[in-house]
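Source file model_25.txt; content: compact mmCIF, C-alpha atoms and all ligand atoms.
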# COMPACT_ATOMS: atom_id res chain seq x y z
CA MET A 1061 11.64 -16.62 -4.89
CA LEU A 1062 10.77 -12.94 -5.00
CA PRO A 1063 10.27 -11.48 -8.48
CA LYS A 1064 12.80 -8.97 -9.82
CA PHE A 1065 11.76 -5.42 -8.98
CA SER A 1066 12.39 -2.71 -11.57
CA SER A 1067 13.15 -0.10 -8.87
CA ARG A 1068 13.77 0.28 -5.13
CA VAL A 1069 10.61 2.33 -4.62
CA PHE A 1070 7.31 0.60 -3.85
CA LEU A 1071 3.75 1.88 -3.57
CA ALA A 1072 2.15 1.16 -0.18
CA PRO A 1073 -1.19 -0.62 0.05
CA MET A 1074 -3.81 1.99 0.98
CA ALA A 1075 -7.46 1.02 1.35
CA GLY A 1076 -9.67 3.33 -0.69
CA VAL A 1077 -6.63 4.95 -2.31
CA SER A 1078 -4.29 2.48 -4.03
CA ASP A 1079 -6.94 1.30 -6.47
CA PRO A 1080 -5.91 -0.32 -9.77
CA ALA A 1081 -6.00 3.03 -11.61
CA LEU A 1082 -3.64 4.81 -9.20
CA ARG A 1083 -1.45 1.71 -8.99
CA LEU A 1084 -1.06 1.69 -12.75
CA GLN A 1085 -0.10 5.37 -12.77
CA CYS A 1086 2.51 4.77 -10.07
CA LYS A 1087 3.78 1.74 -11.95
CA LYS A 1088 4.18 3.83 -15.11
CA MET A 1089 6.16 6.35 -13.05
CA GLY A 1090 8.56 3.61 -11.97
CA ALA A 1091 7.15 1.95 -8.84
CA GLY A 1092 9.04 -1.34 -8.49
CA LEU A 1093 6.14 -3.04 -6.74
CA VAL A 1094 2.49 -2.19 -6.18
CA VAL A 1095 0.24 -3.86 -3.62
CA THR A 1096 -3.55 -4.21 -3.62
CA GLU A 1097 -5.67 -2.62 -0.90
CA PHE A 1098 -5.93 -5.06 2.01
CA THR A 1099 -8.60 -7.70 1.59
CA SER A 1100 -10.35 -9.85 4.18
CA ILE A 1101 -9.73 -13.58 3.86
CA HIS A 1102 -13.40 -14.18 4.71
CA SER A 1103 -14.64 -11.87 1.96
CA ILE A 1104 -12.38 -13.65 -0.55
CA ILE A 1105 -13.90 -17.00 0.34
CA ALA A 1106 -17.48 -15.69 0.26
CA LYS A 1107 -16.97 -13.86 -3.05
CA GLU A 1108 -15.26 -16.78 -4.70
CA GLN A 1109 -18.24 -18.98 -3.95
CA GLN A 1110 -20.63 -16.48 -5.57
CA LEU A 1111 -18.34 -15.87 -8.54
CA LYS A 1112 -17.82 -19.58 -9.17
CA GLU A 1113 -21.55 -20.00 -9.64
CA ASN A 1114 -21.32 -17.47 -12.49
CA LYS A 1115 -18.14 -19.10 -13.84
CA LYS A 1116 -16.06 -16.08 -12.86
CA THR A 1117 -12.84 -15.83 -10.85
CA ILE A 1118 -11.67 -13.72 -7.92
CA GLN A 1119 -10.28 -11.22 -10.47
CA GLU A 1120 -13.80 -9.80 -10.62
CA PHE A 1121 -13.53 -8.95 -6.91
CA ILE A 1122 -9.90 -7.88 -6.61
CA LYS A 1123 -9.46 -5.89 -9.80
CA TYR A 1124 -6.05 -5.38 -11.38
CA SER A 1125 -4.34 -5.30 -14.75
CA GLU A 1126 -1.47 -7.33 -16.16
CA LYS A 1127 0.52 -4.09 -16.58
CA GLU A 1128 0.86 -3.80 -12.81
CA ARG A 1129 3.10 -6.83 -12.47
CA PRO A 1130 4.85 -7.77 -10.30
CA LEU A 1131 1.73 -7.40 -8.20
CA SER A 1132 1.28 -8.24 -4.55
CA VAL A 1133 -2.08 -9.04 -2.95
CA GLN A 1134 -2.49 -8.10 0.69
CA LEU A 1135 -4.57 -10.26 3.02
CA PHE A 1136 -5.82 -9.78 6.57
CA GLY A 1137 -7.59 -12.10 8.99
CA SER A 1138 -6.27 -14.72 11.39
CA ASP A 1139 -8.57 -17.73 11.12
CA LEU A 1140 -6.07 -20.36 9.99
CA VAL A 1141 -8.48 -22.48 7.96
CA ALA A 1142 -9.87 -19.45 6.15
CA LEU A 1143 -6.36 -18.08 5.66
CA GLU A 1144 -5.19 -21.22 3.91
CA LYS A 1145 -8.28 -21.32 1.72
CA ALA A 1146 -8.12 -17.61 0.78
CA ALA A 1147 -4.40 -17.78 0.01
CA LYS A 1148 -4.95 -20.71 -2.35
CA ILE A 1149 -7.79 -18.83 -4.09
CA VAL A 1150 -5.71 -15.72 -4.82
CA GLU A 1151 -2.38 -17.44 -5.49
CA PRO A 1152 -2.82 -18.11 -9.23
CA PHE A 1153 -3.45 -14.44 -9.98
CA PHE A 1154 -0.76 -12.62 -7.98
CA ASP A 1155 3.04 -12.70 -7.80
CA ILE A 1156 3.36 -12.14 -4.04
CA ILE A 1157 1.04 -12.81 -1.11
CA ASP A 1158 1.50 -10.08 1.52
CA TYR A 1159 0.15 -10.39 5.04
CA ASN A 1160 -1.11 -7.36 6.99
CA MET A 1161 0.00 -7.06 10.60
CA GLY A 1162 -0.09 -3.31 10.87
CA CYS A 1163 -3.60 -1.98 10.48
CA PRO A 1164 -4.48 0.08 13.57
CA ALA A 1165 -8.22 0.52 12.79
CA PRO A 1166 -10.32 -0.79 15.71
CA HIS A 1167 -12.75 -2.68 13.45
CA ILE A 1168 -9.75 -4.71 12.25
CA THR A 1169 -7.78 -5.08 15.50
CA GLN A 1170 -10.93 -6.15 17.37
CA GLN A 1171 -11.26 -9.19 15.09
CA MET A 1172 -7.70 -10.22 16.02
CA ALA A 1173 -6.23 -9.04 12.76
CA GLY A 1174 -3.90 -6.27 11.57
CA GLY A 1175 -1.64 -4.71 14.19
CA ALA A 1176 -3.26 -6.52 17.13
CA LEU A 1177 -1.48 -9.71 16.06
CA LEU A 1178 1.93 -8.29 16.94
CA GLN A 1179 1.36 -9.31 20.58
CA GLU A 1180 0.15 -12.84 19.68
CA VAL A 1181 3.43 -14.60 19.15
CA ASN A 1182 2.08 -18.17 18.93
CA LEU A 1183 -0.78 -17.35 16.61
CA THR A 1184 1.58 -15.30 14.46
CA ARG A 1185 3.89 -18.26 14.01
CA GLN A 1186 0.93 -20.42 12.98
CA ILE A 1187 -0.24 -17.77 10.53
CA PHE A 1188 3.16 -17.60 8.85
CA SER A 1189 3.59 -21.35 8.61
CA THR A 1190 0.03 -21.80 7.32
CA LEU A 1191 0.54 -19.20 4.61
CA VAL A 1192 3.98 -20.37 3.55
CA SER A 1193 2.90 -23.98 3.25
CA ALA A 1194 -0.41 -23.12 1.55
CA VAL A 1195 1.16 -21.43 -1.47
CA LYS A 1196 4.20 -21.68 -3.71
CA LYS A 1197 4.33 -17.94 -4.38
CA PRO A 1198 6.52 -15.84 -2.06
CA VAL A 1199 4.87 -14.63 1.13
CA THR A 1200 5.82 -11.23 2.56
CA LEU A 1201 4.81 -9.34 5.68
CA LYS A 1202 3.91 -5.75 6.55
CA ILE A 1203 4.13 -4.74 10.21
CA ARG A 1204 4.14 -1.84 12.60
CA SER A 1205 6.77 -1.70 15.33
CA GLY A 1206 4.53 -2.70 18.25
CA VAL A 1207 1.17 -2.14 19.85
CA THR A 1208 1.90 0.50 22.49
CA ASP A 1209 4.94 2.59 23.24
CA ALA A 1210 5.98 0.05 25.90
CA SER A 1211 5.90 -2.74 23.31
CA ARG A 1212 7.48 -0.85 20.42
CA TYR A 1213 10.19 -3.48 19.96
CA LEU A 1214 7.76 -6.35 19.29
CA PHE A 1215 8.73 -6.17 15.61
CA LYS A 1216 12.08 -7.79 16.40
CA GLU A 1217 10.59 -11.03 17.71
CA ILE A 1218 7.91 -11.12 15.03
CA ALA A 1219 10.47 -10.55 12.28
CA GLN A 1220 12.63 -13.38 13.60
CA ILE A 1221 9.66 -15.75 13.62
CA ALA A 1222 8.67 -14.60 10.14
CA GLU A 1223 12.12 -15.32 8.80
CA ASP A 1224 12.24 -18.75 10.50
CA GLU A 1225 8.90 -19.66 8.94
CA GLY A 1226 9.90 -18.69 5.42
CA ILE A 1227 8.55 -15.16 4.97
CA GLN A 1228 10.68 -13.62 2.20
CA MET A 1229 10.52 -9.86 2.78
CA ILE A 1230 9.32 -7.55 5.58
CA THR A 1231 8.01 -3.99 5.36
CA LEU A 1232 8.24 -2.04 8.59
CA HIS A 1233 6.19 1.08 9.27
CA PRO A 1234 7.87 2.10 12.53
CA ARG A 1235 4.90 3.54 14.40
CA THR A 1236 2.99 1.65 17.06
CA VAL A 1237 -0.65 0.63 16.62
CA SER A 1238 -1.78 3.02 19.36
CA GLN A 1239 0.12 5.86 17.69
CA GLY A 1240 -2.09 5.67 14.60
CA TYR A 1241 -0.54 8.27 12.28
CA SER A 1242 0.56 10.72 14.99
CA GLY A 1243 4.15 11.69 15.67
CA ASN A 1244 6.92 10.57 13.36
CA ALA A 1245 7.89 7.18 12.02
CA ASP A 1246 10.95 6.14 14.03
CA TRP A 1247 13.36 5.26 11.23
CA LYS A 1248 15.98 4.02 13.75
CA LEU A 1249 13.81 0.93 14.17
CA ILE A 1250 14.10 0.17 10.44
CA LYS A 1251 17.89 0.28 10.85
CA GLU A 1252 17.64 -2.11 13.82
CA LEU A 1253 15.48 -4.51 11.82
CA LYS A 1254 17.85 -4.40 8.87
CA GLU A 1255 20.76 -5.25 11.17
CA ILE A 1256 19.13 -8.43 12.51
CA SER A 1257 17.56 -9.64 9.24
CA ASP A 1258 18.78 -11.87 6.45
CA ILE A 1259 15.83 -11.12 4.16
CA PRO A 1260 15.11 -7.86 2.28
CA ILE A 1261 13.70 -5.05 4.42
CA VAL A 1262 11.38 -2.40 3.09
CA GLY A 1263 11.39 0.89 5.01
CA ASN A 1264 8.11 2.77 5.19
CA GLY A 1265 6.80 5.90 6.86
CA ASP A 1266 6.78 9.63 6.18
CA ILE A 1267 8.50 9.67 2.78
CA LYS A 1268 7.07 12.75 1.10
CA SER A 1269 9.94 13.80 -1.14
CA PRO A 1270 12.91 12.33 -3.02
CA GLU A 1271 15.16 13.76 -0.28
CA ASP A 1272 13.20 11.82 2.37
CA ALA A 1273 13.60 8.58 0.40
CA LYS A 1274 17.35 9.03 0.10
CA ALA A 1275 17.62 9.94 3.79
CA MET A 1276 15.74 6.78 4.79
CA ILE A 1277 18.01 4.59 2.68
CA ASP A 1278 21.15 6.33 3.95
CA GLU A 1279 20.09 6.26 7.60
CA THR A 1280 18.69 2.73 7.77
CA GLY A 1281 20.37 0.71 5.01
CA CYS A 1282 16.96 -0.66 4.00
CA ASP A 1283 16.79 -2.52 0.69
CA TYR A 1284 13.64 -0.83 -0.60
CA VAL A 1285 11.44 2.10 0.39
CA MET A 1286 7.65 2.12 0.34
CA VAL A 1287 5.67 5.31 -0.22
CA GLY A 1288 2.08 5.75 0.92
CA ARG A 1289 0.51 9.14 1.58
CA GLY A 1290 3.22 10.97 -0.36
CA ALA A 1291 2.03 9.27 -3.55
CA MET A 1292 -1.62 10.23 -3.06
CA GLY A 1293 -2.58 12.35 -6.06
CA ASN A 1294 1.14 12.44 -6.85
CA PRO A 1295 2.35 9.47 -8.90
CA PHE A 1296 5.27 11.63 -10.10
CA LEU A 1297 7.03 10.97 -6.80
CA PHE A 1298 8.24 7.56 -8.01
CA GLU A 1299 10.06 8.98 -11.01
CA GLN A 1300 11.43 11.82 -8.86
CA ILE A 1301 12.80 9.44 -6.20
CA ILE A 1302 14.36 7.12 -8.79
CA ASP A 1303 16.01 10.06 -10.58
CA TYR A 1304 17.19 11.64 -7.34
CA LEU A 1305 18.77 8.39 -6.16
CA LYS A 1306 20.55 8.05 -9.50
CA THR A 1307 21.53 11.61 -10.37
CA GLY A 1308 20.91 13.85 -7.34
CA THR A 1309 18.32 15.88 -9.27
CA TYR A 1310 14.74 15.43 -10.41
CA LYS A 1311 12.07 17.01 -12.57
CA HIS A 1312 9.51 19.27 -10.94
CA TYR A 1313 5.90 18.97 -12.02
CA SER A 1314 3.42 21.83 -12.31
CA LEU A 1315 -0.14 21.94 -11.03
CA LYS A 1316 -1.27 21.60 -14.64
CA ASP A 1317 0.68 18.34 -14.83
CA LYS A 1318 -1.16 17.22 -11.69
CA LEU A 1319 -4.52 17.99 -13.28
CA ASP A 1320 -3.51 16.14 -16.44
CA SER A 1321 -2.54 13.25 -14.22
CA PHE A 1322 -5.96 13.33 -12.56
CA PHE A 1323 -7.64 13.09 -15.97
CA GLU A 1324 -5.39 10.17 -16.83
CA TYR A 1325 -6.48 8.59 -13.52
CA LEU A 1326 -10.14 9.26 -14.37
CA HIS A 1327 -9.72 7.65 -17.76
CA LEU A 1328 -8.14 4.58 -16.18
CA THR A 1329 -10.96 4.22 -13.63
CA THR A 1330 -13.43 3.48 -16.43
CA GLU A 1331 -11.83 0.06 -16.78
CA TYR A 1332 -12.34 -0.84 -13.13
CA ASP A 1333 -15.21 -0.84 -10.74
CA ILE A 1334 -14.09 2.11 -8.58
CA LYS A 1335 -16.63 3.79 -6.31
CA PHE A 1336 -17.50 7.40 -7.20
CA SER A 1337 -16.82 8.46 -3.59
CA ASN A 1338 -13.26 7.12 -3.94
CA ILE A 1339 -12.78 8.92 -7.24
CA LYS A 1340 -13.88 12.19 -5.61
CA SER A 1341 -11.38 11.67 -2.79
CA GLN A 1342 -8.66 11.11 -5.39
CA ALA A 1343 -9.71 14.36 -7.13
CA MET A 1344 -9.19 16.20 -3.83
CA ARG A 1345 -5.71 14.73 -3.50
CA PHE A 1346 -4.72 15.70 -7.04
CA THR A 1347 -5.65 19.32 -6.22
CA LYS A 1348 -3.49 19.43 -3.09
CA GLY A 1349 -1.18 22.44 -3.11
CA MET A 1350 -3.15 24.14 -5.86
CA ILE A 1351 -3.92 27.87 -5.57
CA GLY A 1352 -7.68 28.03 -5.09
CA GLY A 1353 -7.69 24.36 -4.07
CA THR A 1354 -9.47 25.09 -0.79
CA LYS A 1355 -12.39 26.60 -2.71
CA LEU A 1356 -12.37 23.74 -5.18
CA ARG A 1357 -12.53 20.88 -2.71
CA PRO A 1358 -16.05 21.49 -1.32
CA LYS A 1359 -17.30 21.58 -4.93
CA ILE A 1360 -15.57 18.28 -5.65
CA SER A 1361 -17.00 16.83 -2.49
CA SER A 1362 -20.59 17.80 -3.34
CA SER A 1363 -20.41 16.67 -6.99
CA LYS A 1364 -22.98 14.01 -7.81
CA HIS A 1365 -21.59 12.28 -10.89
CA ILE A 1366 -18.53 11.93 -13.09
CA THR A 1367 -19.55 14.57 -15.67
CA GLU A 1368 -20.05 17.15 -12.93
CA LEU A 1369 -16.67 16.25 -11.41
CA GLU A 1370 -15.00 16.47 -14.83
CA LYS A 1371 -16.42 19.97 -15.33
CA ILE A 1372 -15.15 21.12 -11.93
CA MET A 1373 -11.69 19.71 -12.62
CA ASN A 1374 -11.61 21.20 -16.11
CA ASN A 1375 -12.37 24.62 -14.63
CA ALA A 1376 -9.46 24.11 -12.25
CA TYR A 1377 -7.03 24.48 -15.16
CA THR A 1378 -7.65 28.23 -15.00
CA LEU A 1379 -6.38 28.16 -11.39
CA SER A 1380 -3.23 26.25 -12.17
CA TYR A 1381 -1.54 28.78 -14.46
C1 LIG A 1401 -5.85 5.82 3.63
C2 LIG A 1401 -4.85 4.76 4.03
C3 LIG A 1401 -5.16 3.44 3.84
C4 LIG A 1401 -4.24 2.44 4.21
N1 LIG A 1401 -4.53 1.13 3.96
C5 LIG A 1401 -3.59 0.18 4.20
C6 LIG A 1401 -3.80 -1.18 3.82
O1 LIG A 1401 -4.82 -1.54 3.22
N2 LIG A 1401 -2.82 -2.08 4.13
C7 LIG A 1401 -1.66 -1.71 4.78
O2 LIG A 1401 -0.81 -2.55 5.03
N3 LIG A 1401 -1.45 -0.45 5.14
C8 LIG A 1401 -2.37 0.51 4.84
N4 LIG A 1401 -2.08 1.80 5.14
C9 LIG A 1401 -0.77 2.16 5.71
C10 LIG A 1401 0.23 2.48 4.59
O3 LIG A 1401 0.47 1.36 3.78
C11 LIG A 1401 1.58 2.97 5.18
O4 LIG A 1401 2.12 1.94 5.96
C12 LIG A 1401 1.44 4.22 6.04
O5 LIG A 1401 0.57 5.17 5.44
C13 LIG A 1401 2.80 4.87 6.32
O6 LIG A 1401 3.43 5.24 5.12
P1 LIG A 1401 3.40 6.77 4.56
O7 LIG A 1401 3.92 7.64 5.67
O8 LIG A 1401 4.28 6.73 3.35
O9 LIG A 1401 1.97 7.09 4.26
C14 LIG A 1401 -3.01 2.80 4.81
C15 LIG A 1401 -2.72 4.16 5.00
C16 LIG A 1401 -3.61 5.14 4.62
C17 LIG A 1401 -3.25 6.58 4.82

Transcribe the structure of this file into structure tokens.
Amino acid sequence: MLPKFSSRVFLAPMAGVSDPALRLQCKKMGAGLVVTEFTSIHSIIAKEQQLKENKKTIQEFIKYSEKERPLSVQLFGSDLVALEKAAKIVEPFFDIIDYNMGCPAPHITQQMAGGALLQEVNLTRQIFSTLVSAVKKPVTLKIRSGVTDASRYLFKEIAQIAEDEGIQMITLHPRTVSQGYSGNADWKLIKELKEISDIPIVGNGDIKSPEDAKAMIDETGCDYVMVGRGAMGNPFLFEQIIDYLKTGTYKHYSLKDKLDSFFEYLHLTTEYDIKFSNIKSQAMRFTKGMIGGTKLRPKISSSKHITELEKIMNNAYTLSY
């Protein structure tokens, strides 16, 4: 059974972005569910072997905190034996096992994983049944609508198979794999999926404001919404969406609040093993929309260590008033 979610607004998995520090911030702002960055089933198996030798668990590889719960781990990779093994390794630590069938990046699709699987109906069925029988925790799925424009309705068949095989919730990002991030997410497809599904549907794509979230719910009838890029450097969006859905209004945050939030993020990163390059990218996102931000970003980008970055961000307070 799916855990109870504290809100209808979820944080999307984003490799290099939705690290445990940002996830925790979004959780504190009301995200009902957070999902790890996608992780290769083969890397889980290889890491577990190494970690076992040092009497450590996979938690050392996929970092998280208890405060994030309910927490979903996202897997990719289509080798059935490896999939079963990896799912069993991660199961004890996570509340949901999510499967990625949306990633459009060529290095993923070329290994018959991510969005490429949408056109592999038989393999897909085997993947779902392998996962569902490997673990007792709920298994969920995240998909794009299709591979090319001509196959943009593939999601319907895949969703039906997923439901038959015991997948408990589906997130649809209604762009095709070949579309990448261009054009708009076609929310009508979320509505169509909701109409043919008996399991909860999570709508995803292009939610950048509380108004967008409400519009997606109103237009599609989806059970939950998932926010990705809109939450980058902006964990406030969860609270704003939740308030807007409840009351029709929400609190606006200043650029100073955003900087404070970056420093909170920075503080949280010290507990996890987050690459400095990722922290710098997060710093850029937290300065989005800031007057003088365009001058600030090259400085952030060329900073060499945390203390230098902290100094640059501290100086940014003078820009935000
Ligand atoms: C930098 C980045 C990394 C992403 N990594 C993942 C990932 O690991 N797993 C996944 O299912 N989707 C990933 N996505 C896709 C998002 O989860 C989401 O489906 C997509 O960004 C559309 O939602 P949005 O318009 O709210 O950003 C990623 C997106 C971005 C921008």

Return as JSON the centre and edge lengths, in Å with one decimal, of the box along x, y and z that encloses every atom of ligand LIG 1401 (chain A) in the file, padded by 4 Å per side.
{"center_x": -0.8, "center_y": 2.5, "center_z": 4.8, "size_x": 18.1, "size_y": 18.2, "size_z": 11.1}

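Across the structure, CA of Leu1297 (chain A) and CA of Phe1323 (chain A) are spaced 17.4 Å apart.
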
Separation of CA of Thr1231 (chain A) from atom O8 of ligand LIG 1401 (chain A) in Å | 11.5 Å

Would you mind telling me which residue in A:Glu1370, A:Asp1266, A:Asp1224, A:Glu1126 lies nearest to Val1287 (chain A) when using only C-alpha atoms?
-> A:Asp1266

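Where the distance criterion is 6 Å and the atoms used are only C-alpha atoms and all ligand atoms, the residues close to ligand LIG 1401 (chain A) are Ala1072, Pro1073, Met1074, Ala1075, Glu1097, Phe1098, Asn1160, Gly1162, Cys1163, Lys1202, His1233, Asn1264, Gly1265, Asp1266, Ile1267, Val1287, Gly1288, Arg1289 and Gly1290 of chain A.
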
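CA of Leu1319 (chain A) sits 15.2 Å away from CA of Thr1354 (chain A).
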
Skip Tyr1213 (chain A) itself and residues of its chain fewer than 6 positions away, then list as a PDB file with C-alpha atoms, in the frame of the given file all residues within 10 Å of it, counting only C-alpha atoms.
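Printed below is selection19.pdb as written:
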ATOM      1  CA  ARG A1204       4.140  -1.840  12.600  1.00  0.00           C
ATOM      2  CA  SER A1205       6.770  -1.700  15.330  1.00  0.00           C
ATOM      3  CA  GLY A1206       4.530  -2.700  18.250  1.00  0.00           C
ATOM      4  CA  VAL A1207       1.170  -2.140  19.850  1.00  0.00           C
ATOM      5  CA  PRO A1234       7.870   2.100  12.530  1.00  0.00           C
ATOM      6  CA  THR A1236       2.990   1.650  17.060  1.00  0.00           C
ATOM      7  CA  LEU A1249      13.810   0.930  14.170  1.00  0.00           C
ATOM      8  CA  GLU A1252      17.640  -2.110  13.820  1.00  0.00           C
ATOM      9  CA  LEU A1253      15.480  -4.510  11.820  1.00  0.00           C
TER      10      LEU A1253
END

Skip region 1275-1277 of chain A itself and residues of its chain fewer than 2 positions away, then list as a ChimeraX atom specification all residues within 10 Å of it, counting only C-alpha atoms.
-> /A:1068,1247-1248,1250-1251,1262-1267,1269-1273,1279-1285,1305

Scan for residues within 8 Å of the point (-1.2, -23.0, 3.3) in the coordinates of the file, using all atoms listed in the file, and reply as a ChimeraX atom specification.
-> /A:1143-1145,1147-1148,1189-1195

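Neighbourhood of point (6.9, -1.3, -7.8): residues with an atom at most 7 Å away, counting only C-alpha atoms, are Phe1065, Ser1066, Ser1067, Val1069, Phe1070, Leu1071, Lys1087, Gly1090, Ala1091, Gly1092, Leu1093 and Val1094 of chain A.
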
Any idea what's packed within 10 Å of Tyr1313 (chain A), counting all atoms listed in the file, ignoring anything in its chain fewer than 5 positions away? Could you give it as a ChimeraX atom specification?
-> /A:1294,1296-1297,1300,1318

Met1350 (chain A) environment, 10 Å, only C-alpha atoms, sequence neighbours closer than 6 positions dropped, as a ChimeraX atom specification | /A:1314-1316,1318-1319,1356,1376,1379-1381

Using the selection just defined, write its residues with C-alpha atoms as a compact mmCIF listing (two decimals), in the coordinates of the input.
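Produced file again36.txt, reproduced below:
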# COMPACT_ATOMS: atom_id res chain seq x y z
CA SER A 1314 3.42 21.83 -12.31
CA LEU A 1315 -0.14 21.94 -11.03
CA LYS A 1316 -1.27 21.60 -14.64
CA LYS A 1318 -1.16 17.22 -11.69
CA LEU A 1319 -4.52 17.99 -13.28
CA LEU A 1356 -12.37 23.74 -5.18
CA ALA A 1376 -9.46 24.11 -12.25
CA LEU A 1379 -6.38 28.16 -11.39
CA SER A 1380 -3.23 26.25 -12.17
CA TYR A 1381 -1.54 28.78 -14.46

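Nearest residue to Glu1217 (chain A), choosing from A:Ile1334, A:Val1077, A:Leu1369, A:Ile1256 and counting all atoms listed in the file: A:Ile1256.
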
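Nearest-residue note for Ile1301 (chain A): choosing from A:Met1229, A:Cys1086, A:Ala1142, A:Val1095, the minimum distance belongs to A:Cys1086, counting all atoms listed in the file.
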
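Using only C-alpha atoms, the residues found no farther than 12 Å from Ala1210 (chain A), other than those of its own chain fewer than 6 positions away, are Gln1179, Thr1236, Val1237, Ser1238 and Gln1239 of chain A.
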